[in-house]
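Have a look at the structure below before the remarks.
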Amino acid sequence: MHLFRTILYIPTVLSGVAVAILWLNLFNPDLGAINYFLFKLGVENPPYWLQSPRWAMPAMVIMGLWGMGGNAIIYLAGLQNIPPHLYEAASLDGAGTWQRFRYVTLPLLSPTMFFLVITGAIGAFQQFGVPFVLTGGSNLGGPANALLFYMVYLYHVGFVRGLMGYATALAWVLTLVGLATVYVLFRFESLLVFYEQR
Amino acid sequence: MARVVVRSGRARRGGRWALARRLAGKALVYLLLLGLSLFILMPIGWMLTAALKPDTAPIFTFPPEWFPTKHWRWQTFADALLDPAQPFIRYAANSMLLVALNVFGAVLSNSLVAYPFARLRFRDKEALFTVVIGTMLLPGPVLLIPQFLIFYRLGWYGTYLPMVVPSYTGAAFFIFLLRQYMRSIPIDLDEAARIDGASYWVTFWRIILPLTAPALTVVALYVFLGTWNDFFEALIYLDDQRKFTIALALATFIRRVGARWNEMMAANLVAILPALVLYFSAQNKLIGGIASVGIKG
């Protein structure tokens with residue numbers, strides 16, 4: 001088990017640039033390993049991934065899944081925090097595996113999930129290195145701007161076109177949108193998240 | 001009473017079934033974990049396979065080769081590291097220099113700031129600490145351009161100074177972490193040192209700092225990884241190719257026409273190697289590092 005935990009966490013410590021370069025190759029539409037698998041599975045026209053407006057974003061999401069270990073560790077800490085006596089009590093009341101998961105694990109894990117949603121949302125607003133490398137930097141946003149992330153655009157405005165004032169304004173807008181998003185998420189907190197103290 | 005007997009009888013009869021189901025469940029879990037591990041490891045293995053190929057062998061093969069079997073050309077690593085047009089050994093050394101300077105600076109400055117907040121009494125301590133913590137609220141993107149302009153006007157553009165000096169002025173998150181940890185050290189130790197005539201400085205240096213080592217290790221680890229993996233700062237502050245960090249060099253040369261993929265993959269492996277070594281040697285401190293250190297105090 002320890003070994004699996006170790007392996008799962010590896011991508012989390014690796015540099016975004018190196019990981020992006022690696023996946024750039026795996027996603028190669030003609031020669032990459034991913035489309036090879038799809039061929040083998042009988043997909044006749046596998047997507048062009050990073051060269052297609054429609055599949056560039058899903059490709060980035062799959063790449064992101066590769067780094068799920070970081071979140072998994074936080075889930076692990078959350079799971080270990082659930083008092084075992086609650087499971088015993090549920091079992092004594094005749095709860096099956098599914099019911100124990102639904103009525104003990106899920107509610108008690110919801111604060112962890114909420115934390116991950118918040119940090120994930122903040123992280124998503126600040127994507128830079130990975131889309132920058134995946135799109136080759138030169139053609140700003142990838143195919144049909146499918147990978148034009150806010151920070152990539154901000155970098156382009158500020159440091160390529162030299163419009164520092166405009167770029168700072170962009171940064172403030174990003175901050176406000178981020179704050180608004182987090183605010184909305186917190187408004188839903190009482191609906192979605194269970195806290196024991198209540 | 002009777003019900004209990006019935007239930008235990010059923011349990012005994014169902015014993016073999018339950019065992020089989022439990023084994024099947026275990027097998028399923030291990031199968032999932034194995035699949036997940038392959039999903040994580042195979043891309044890294046593919047990278048190593050590609051790096052070990054000679055220039056003549058195709059990098060992309062059908063089917064893809066996940067783990068090196070045929071080719072074992074370690075020379076590619078030397079080629080990538082010493083290539084006169086793009087000497088990755090130089091970029092790796094640049095990154096290492098930045099890591100060393102930043103780790104030293106962060107450990108020094110953050111512990112020096114955390115100590116008075118944890119131990120000394122002085123006017124407006126609480127207010128000052130609130131200000132320090134408040135700096136965590138300022139969003140990074142907003143600071144980006146003003147910071148760039150300040151460093152630019154100081155004449156630091158194109159040097160390592162913008163990427164190093166901030167480490168020497170403390171970071172609220174690490175100050176907070178260290179303060180919490182220092183507060184968990186018994187105050188009797190300070191008092192004993194004072195009775196023996198130790199100054200604040202000596203108490204800090206000889207008593208508090210050694211006992212804060214676990215938290216300092218976490219700080220050092222995070223600064224190491226943050227500096228080694230940094231891309232953005234290198235991108236905006238460095239213009240001289242000889243000063244490039246390894247992440248910036250990789251991102252730059254990957255776009256070069258006719259880039260040799262085996263060398264790029266070798267360089268890419270060099271770029272992830274320090275993080276991997278660090279991870280395997282300090283795994284327990286990294287996983288849940290903050291949690292294990294931060295909850296004290």
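Scheme for the structure tokens: letters A, B, ... for chains in order shown; per-chain residue numbers from 1; ligand numbers from 1 in order shown.
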Practice task
Would you mind listing what lies within 9 Å of region 50-66 of chain A as a PyMOL selection string, with only C-alpha atoms counted and same-chain residues fewer than 4 positions away left out?
Solution key: (chain A and resi 8+11-12+19-20+23-24+27-29+130-131+134-135+142-147) or (chain B and resi 39-40)
File dump, residues just selected, N, CA and C atoms, as a PDB file, in the first residue's frame:
```pdb
ATOM      1  N   LEU A   8       1.754   7.084  -6.631  1.00  0.00           N
ATOM      2  CA  LEU A   8       0.670   7.993  -6.978  1.00  0.00           C
ATOM      3  C   LEU A   8       1.080   9.453  -6.806  1.00  0.00           C
ATOM      4  N   PRO A  11       3.959  12.376  -9.652  1.00  0.00           N
ATOM      5  CA  PRO A  11       3.793  13.501 -10.585  1.00  0.00           C
ATOM      6  C   PRO A  11       3.655  14.853  -9.887  1.00  0.00           C
ATOM      7  N   THR A  12       3.200  14.839  -8.652  1.00  0.00           N
ATOM      8  CA  THR A  12       2.959  16.094  -7.946  1.00  0.00           C
ATOM      9  C   THR A  12       4.236  16.895  -7.724  1.00  0.00           C
ATOM     10  N   VAL A  19       6.594  17.954 -17.312  1.00  0.00           N
ATOM     11  CA  VAL A  19       5.416  17.107 -17.485  1.00  0.00           C
ATOM     12  C   VAL A  19       4.689  17.465 -18.779  1.00  0.00           C
ATOM     13  N   ALA A  20       4.583  18.768 -19.055  1.00  0.00           N
ATOM     14  CA  ALA A  20       3.905  19.196 -20.285  1.00  0.00           C
ATOM     15  C   ALA A  20       4.647  18.690 -21.514  1.00  0.00           C
ATOM     16  N   TRP A  23       3.864  15.002 -22.022  1.00  0.00           N
ATOM     17  CA  TRP A  23       2.523  14.724 -22.547  1.00  0.00           C
ATOM     18  C   TRP A  23       2.326  15.252 -23.957  1.00  0.00           C
ATOM     19  N   LEU A  24       3.081  16.294 -24.286  1.00  0.00           N
ATOM     20  CA  LEU A  24       3.084  16.782 -25.667  1.00  0.00           C
ATOM     21  C   LEU A  24       3.387  15.617 -26.620  1.00  0.00           C
ATOM     22  N   PHE A  27       0.539  12.822 -26.569  1.00  0.00           N
ATOM     23  CA  PHE A  27      -0.672  13.254 -27.266  1.00  0.00           C
ATOM     24  C   PHE A  27      -0.459  13.452 -28.765  1.00  0.00           C
ATOM     25  N   ASN A  28       0.754  13.213 -29.236  1.00  0.00           N
ATOM     26  CA  ASN A  28       1.022  13.371 -30.665  1.00  0.00           C
ATOM     27  C   ASN A  28      -0.026  12.588 -31.475  1.00  0.00           C
ATOM     28  N   PRO A  29      -0.777  13.278 -32.352  1.00  0.00           N
ATOM     29  CA  PRO A  29      -1.930  12.618 -32.976  1.00  0.00           C
ATOM     30  C   PRO A  29      -1.561  11.434 -33.864  1.00  0.00           C
ATOM     31  N   VAL A 130       1.814  25.125 -17.932  1.00  0.00           N
ATOM     32  CA  VAL A 130       1.428  23.974 -18.751  1.00  0.00           C
ATOM     33  C   VAL A 130       0.811  24.405 -20.086  1.00  0.00           C
ATOM     34  N   PRO A 131      -0.229  25.266 -20.091  1.00  0.00           N
ATOM     35  CA  PRO A 131      -0.754  25.684 -21.400  1.00  0.00           C
ATOM     36  C   PRO A 131       0.288  26.435 -22.231  1.00  0.00           C
ATOM     37  N   LEU A 134       2.335  23.703 -23.782  1.00  0.00           N
ATOM     38  CA  LEU A 134       1.542  22.866 -24.683  1.00  0.00           C
ATOM     39  C   LEU A 134       1.218  23.584 -25.988  1.00  0.00           C
ATOM     40  N   THR A 135       1.029  24.908 -25.923  1.00  0.00           N
ATOM     41  CA  THR A 135       0.692  25.642 -27.137  1.00  0.00           C
ATOM     42  C   THR A 135       1.937  26.168 -27.821  1.00  0.00           C
ATOM     43  N   GLY A 142      -3.173  28.184 -28.684  1.00  0.00           N
ATOM     44  CA  GLY A 142      -3.419  26.871 -29.249  1.00  0.00           C
ATOM     45  C   GLY A 142      -4.473  26.954 -30.337  1.00  0.00           C
ATOM     46  N   PRO A 143      -4.991  25.802 -30.791  1.00  0.00           N
ATOM     47  CA  PRO A 143      -5.957  25.790 -31.893  1.00  0.00           C
ATOM     48  C   PRO A 143      -7.231  26.529 -31.509  1.00  0.00           C
ATOM     49  N   ALA A 144      -7.613  27.522 -32.312  1.00  0.00           N
ATOM     50  CA  ALA A 144      -8.824  28.317 -32.079  1.00  0.00           C
ATOM     51  C   ALA A 144      -8.882  28.807 -30.636  1.00  0.00           C
ATOM     52  N   ASN A 145      -7.722  29.146 -30.077  1.00  0.00           N
ATOM     53  CA  ASN A 145      -7.618  29.669 -28.715  1.00  0.00           C
ATOM     54  C   ASN A 145      -8.209  28.743 -27.655  1.00  0.00           C
ATOM     55  N   ALA A 146      -8.233  27.448 -27.942  1.00  0.00           N
ATOM     56  CA  ALA A 146      -8.824  26.503 -26.996  1.00  0.00           C
ATOM     57  C   ALA A 146      -8.042  26.476 -25.694  1.00  0.00           C
ATOM     58  N   LEU A 147      -6.761  26.792 -25.728  1.00  0.00           N
ATOM     59  CA  LEU A 147      -5.955  26.758 -24.505  1.00  0.00           C
ATOM     60  C   LEU A 147      -5.489  28.159 -24.117  1.00  0.00           C
TER      61      LEU A 147
ATOM     62  N   PHE B  39      -0.543   3.757 -15.037  1.00  0.00           N
ATOM     63  CA  PHE B  39      -0.898   5.029 -15.653  1.00  0.00           C
ATOM     64  C   PHE B  39       0.100   6.120 -15.248  1.00  0.00           C
ATOM     65  N   ILE B  40       0.574   6.058 -13.997  1.00  0.00           N
ATOM     66  CA  ILE B  40       1.539   7.052 -13.516  1.00  0.00           C
ATOM     67  C   ILE B  40       2.934   6.756 -14.056  1.00  0.00           C
TER      68      ILE B  40
END
```
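Excluding region 189-194 of chain A itself and any same-chain residue fewer than 5 positions from it, the protein and nucleic acid residues within 10 Å of it, counting only C-alpha atoms, are Leu106, Pro107, Leu108, Leu109, Ser110, Pro111, Thr112, Met113, Phe114, Tyr183 and Val184 of chain A.
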Practice task
Per DSSP on the backbone, filter region 75-176 of chain A down to the residues in alpha helix (DSSP H) and report them as a VMD selection string.
Solution key: chain A and resid 75 to 80 84 to 92 97 to 100 106 to 125 129 to 134 150 to 155 164 to 176
Closest-contact table, chain A side, partner chain B, 9 Å, counting only C-alpha atoms, as CSV:
```
residue,atom,partner,partner_atom,distance
A:Met1,CA,B:Leu33,CA,8.8
A:Phe4,CA,B:Ser37,CA,6.7
A:Thr6,CA,B:Gln283,CA,7.8
A:Ile7,CA,B:Ser37,CA,6.2
A:Leu8,CA,B:Ser37,CA,6.4
A:Tyr9,CA,B:Ile287,CA,8.3
A:Ile10,CA,B:Leu276,CA,7.2
A:Pro11,CA,B:Ile40,CA,7.4
A:Val13,CA,B:Ala275,CA,6.1
A:Leu14,CA,B:Ile272,CA,5.7
A:Ser15,CA,B:Asn229,CA,4.5
A:Gly16,CA,B:Asn229,CA,7.0
A:Val17,CA,B:Ala247,CA,6.1
A:Ala18,CA,B:Asn268,CA,5.6
A:Val19,CA,B:Asn268,CA,8.5
A:Ile21,CA,B:Ile254,CA,7.7
A:Leu22,CA,B:Met47,CA,7.0
A:Trp23,CA,B:Pro43,CA,7.9
A:Asn25,CA,B:Phe60,CA,8.7
A:Leu26,CA,B:Pro43,CA,7.7
A:Leu31,CA,B:Phe60,CA,5.7
A:Gly32,CA,B:Phe60,CA,6.8
A:Ala33,CA,B:Pro64,CA,5.7
A:Tyr36,CA,B:Pro63,CA,6.9
A:Phe37,CA,B:Pro63,CA,8.6
A:Trp66,CA,B:Ile40,CA,6.3
A:Gly67,CA,B:Ile40,CA,8.4
A:Gly70,CA,B:Ile287,CA,8.5
A:Ile73,CA,B:Ile287,CA,7.1
A:Ile74,CA,B:Gly288,CA,7.9
A:Ala77,CA,B:Gly288,CA,7.9
A:Gln126,CA,B:Pro141,CA,8.1
A:Phe128,CA,B:Phe232,CA,7.9
A:Gly129,CA,B:Phe231,CA,6.6
A:Phe132,CA,B:Ala251,CA,8.7
A:Val133,CA,B:Ala251,CA,6.1
A:Gly136,CA,B:Arg255,CA,6.5
A:Gly137,CA,B:Arg255,CA,8.8
A:Ser138,CA,B:Arg255,CA,9.0
A:Met151,CA,B:Pro141,CA,8.0
A:Tyr155,CA,B:Ile236,CA,8.7
A:Gly158,CA,B:Ile145,CA,7.9
A:Phe159,CA,B:Ile236,CA,7.3
A:Met164,CA,B:Ile145,CA,6.8
A:Gly165,CA,B:Ile145,CA,8.4
A:Ala167,CA,B:Ile145,CA,7.6
A:Thr168,CA,B:Ile145,CA,6.3
A:Ala169,CA,B:Val142,CA,8.4
A:Leu170,CA,B:Val142,CA,8.5
A:Ala171,CA,B:Val142,CA,5.0
A:Trp172,CA,B:Val142,CA,6.0
A:Leu174,CA,B:Pro141,CA,8.1
A:Thr175,CA,B:Pro139,CA,6.8
```
Exercise for the section: Write out as a PyMOL selection string the residues lying within 8 Å of Phe174 (chain B), counting only C-alpha atoms and excluding same-chain residues fewer than 3 positions away. Expected result: chain B and resi 110+170-171+177-178+219
